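Q: Before I ask anything, let me first share the structure, which is written out below as structure tokens.
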Number of protein chains: 2
Amino acid sequence: MKIAVLGTGSVGGALGCRWAQAGHEVFFGALDPNSDEAQAALERAGASARVGACADAIAAAEAVLLAIPWDQTQSVLQAAGSLRGKILMDCINPLTPDLMGVTLGHTTSAAEQIAEWFPEARVVKAFNTLSAATMENPRYGAQNAHVFICGDDEAAKGTVKELARVLGFDPVECGPLKLARQLEPLGALYVYLAVFQGWGGDCAFRMLKR
Amino acid sequence: MKIAVLGTGSVGGALGCRWAQAGHEVFFGALDPNSDEAQAALERAGASARVGACADAIAAAEAVLLAIPWDQTQSVLQAAGSLRGKILMDCINPLTPDLMGVTLGHTTSAAEQIAEWFPEARVVKAFNTLSAATMENPRYGAQNAHVFICGDDEAAKGTVKELARVLGFDPVECGPLKLARQLEPLGALYVYLAVFQGWGGDCAFRMLKR
């Protein structure tokens with residue numbers, strides 16, 4: 001698949017590079033494609049990967065990973081050309097500055113806000129409850145981290161689940177996009193535990209089953 | 001400890017009976033103490049347990065489990081005598097009728113609402129992300145279900161963590177009461193997955209660590 005990865009930090013770097021290593025065509029989008037960070041992601045991803053402006057990455061892609069800050073999301077996507085039919089993989093946590101909560105919720109979510117701004121796109125909430133360390137390696141002993149996935153387009157969710165599986169995650173179907181009102185607080189809970197309760201990044205939620 | 005368990009359904013029944021079997025003094029509070037359900041809980045809990053009106057159960061107790069519907073919570077607690085110093089273990093999920101979300105959130109939570117109504121009490125959010133089946137048996141292979149606990153009173157949280165451990169749960173410290181804004185959506189996510197995505201009740205969240 002042609003995947004645009006917007007953001008070359010710890011999230012975009014981990015997922016983008018691993019998708020490239022798994023054989024996908026990854027086009028990193030960065031505010032500064034010549035930054036050390038962007039160039040490092042390109043080098044790690046390998047010969048088939050590219051880096052450029054976000055709008056160029058989006059234009060080339062079928063699926064787009066949003067690994068950019070929430071407060072840049074609308075403007076970055078507005079600067080792109082058509083988003084029609086493109087899968088937007090929203091792994092954003094719209095956190096308050098104190099990292100203890102989310103800036104919107106309950107009657108809406110960041111994912112639903114994106115879908116309202118860009119109704120021609122196919123928004124899928126996914127990967128937002130994971131640390132960069134887990135994105136690099138989803139394995140916890142004999143178990144994989146779970147990726148909680150919701151969205152209103154079934155085919156888009158199916159594609160994102162395959163992109164999760166190829167990296168070693170176990171996807172969990174979480175229904176329509178409005179369930180982002182539960183997945184974004186879950187991401188906020190994860191950040192709170194990792195940062196304030198000593199868990200760090202080598203931890204991941206899983207729904208145990210018997 | 002003297003524990004009031006308000007509600008004799010699948011939640012109050014599971015936790016109340018298991019605390020009684022673990023040696024605690026359990027006083028069930030029920031709208032109808034003579035109902036089949038209340039009498040069944042009493043019988044299962046054993047000789048040291050009692051059942052009566054909610055106000056009587058609360059009066060006798062140091063810790064109170066709120067296993068009643070959200071829409072009855074304020075009135076049941078208002079009908080009690082003093083709640084001063086009592087630990088209120090809030091395991092309520094304030095779900096919408098369609099079971100797909102919560103009726104309040106983001107800038108508040110059911111737990112914080114209870115604390116506003118009854119500032120003399122010590123509210124601890126706990127046990128709200130668990131099925132009755134998990135409350136009966138927290139064991140998943142070699143792992144225990146996690147219980148996510150938050151509250152503004154450290155000693156009260158310590159007590160609740162011990163009440164969780166005695167039943168075989170592993171407690172997870174989740175900070176101040178405002179984190180209920182994340183724990184209540186987690187409970188709603190649990191219900192959604194159990195009811196609408198085929199998980200059923202023999203499943204439980206755990207934060208894996210390596």
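Each chain in the structure tokens gets a letter, A, B, ..., in the order shown, and its residues are numbered from 1; ligands are numbered from 1 in order too.
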Within 7 Å of chain A, which residues belong to chain B? Use only C-alpha atoms and report them as an MDAnalysis selection string.
A: chainID B and resid 104:106 140 174 182 185:186 189 193 202:210
Q: List the spatial neighbours of region 28-35 of chain A as a list in words - criterion: any atom at most 6 Å away, only C-alpha atoms, same-chain residues fewer than 5 positions off excluded.
A: Ala4, Val5, Leu6, Gly7, Val51, Gly52, Ala53, Cys54 and Ala57 of chain A
Q: Since we have the selection now, will you write its residues out, keeping N, CA and C atoms, as a PDB file, in the first residue's frame?
A:
```
ATOM      1  N   ALA A   4       0.963   7.446   3.536  1.00  0.00           N
ATOM      2  CA  ALA A   4       1.548   8.720   3.957  1.00  0.00           C
ATOM      3  C   ALA A   4       1.646   8.706   5.474  1.00  0.00           C
ATOM      4  N   VAL A   5       2.816   9.016   5.984  1.00  0.00           N
ATOM      5  CA  VAL A   5       3.001   9.096   7.436  1.00  0.00           C
ATOM      6  C   VAL A   5       3.321  10.549   7.763  1.00  0.00           C
ATOM      7  N   LEU A   6       2.333  11.237   8.342  1.00  0.00           N
ATOM      8  CA  LEU A   6       2.509  12.655   8.659  1.00  0.00           C
ATOM      9  C   LEU A   6       3.113  12.763  10.047  1.00  0.00           C
ATOM     10  N   GLY A   7       4.358  13.214  10.099  1.00  0.00           N
ATOM     11  CA  GLY A   7       5.073  13.250  11.364  1.00  0.00           C
ATOM     12  C   GLY A   7       6.195  12.231  11.319  1.00  0.00           C
ATOM     13  N   VAL A  51      10.435  11.281   1.574  1.00  0.00           N
ATOM     14  CA  VAL A  51       9.987  12.288   2.531  1.00  0.00           C
ATOM     15  C   VAL A  51       9.752  13.573   1.766  1.00  0.00           C
ATOM     16  N   GLY A  52       8.756  14.316   2.205  1.00  0.00           N
ATOM     17  CA  GLY A  52       8.466  15.587   1.541  1.00  0.00           C
ATOM     18  C   GLY A  52       7.468  16.375   2.349  1.00  0.00           C
ATOM     19  N   ALA A  53       6.826  17.337   1.720  1.00  0.00           N
ATOM     20  CA  ALA A  53       5.787  18.111   2.393  1.00  0.00           C
ATOM     21  C   ALA A  53       4.567  17.228   2.642  1.00  0.00           C
ATOM     22  N   CYS A  54       3.810  17.546   3.692  1.00  0.00           N
ATOM     23  CA  CYS A  54       2.626  16.734   4.023  1.00  0.00           C
ATOM     24  C   CYS A  54       1.656  16.634   2.854  1.00  0.00           C
ATOM     25  N   ALA A  57       2.874  14.081   0.402  1.00  0.00           N
ATOM     26  CA  ALA A  57       2.741  12.721   0.917  1.00  0.00           C
ATOM     27  C   ALA A  57       1.289  12.258   0.809  1.00  0.00           C
TER      28      ALA A  57
END
```
Q: List every residue of region 129-195 of chain B that DSSP, applied to the backbone of this structure, places in strand (DSSP E or B), and write the result as a list in words.
A: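 Reading the DSSP output for region 129-195 of chain B, strand (DSSP E or B) covers Arg139, Tyr140, Gln143, Asn144, His146, Val147, Phe148, Ile149, Cys150, Gly151, Asp170, Pro171, Val172 and Glu173 of chain B.
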Q: Would you mind telling me which residue in A:Met135, A:Ala121, A:Ala111, A:Ala194 lies nearest to Ile149 (chain A) when using only C-alpha atoms?
A: A:Ala111
Q: What parts of region 74-178 of chain B does DSSP call helix (DSSP H, G or I)? I'd like the answer as number ranges by chain.
A: B: 74-78, 110-117, 132-136, 154-165, 177-178
Q: Hey, can you check how far CA of Val26 (chain A) sits from CA of Ala49 (chain A)?
A: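 Distance reported for this atom pair: 5.0 Å.
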Q: With a distance cut-off of 7 Å and only C-alpha atoms, select the neighbouring residues of Ala55 (chain A), excluding the residue or stretch itself and same-chain residues fewer than 4 positions from it, and output the selection as a ChimeraX atom specification.
A: /A:59,79-81
Q: Would you mind listing what lies within 6 Å of region 61-64 of chain B as a count of residues only, with only C-alpha atoms counted and same-chain residues fewer than 6 positions away left out?
A: 8
Q: Just checking: using only C-alpha atoms, which residue out of A:Val195, A:Leu42, A:Leu99, A:Val123 ends up closest to Arg84 (chain A)?
A: A:Val123
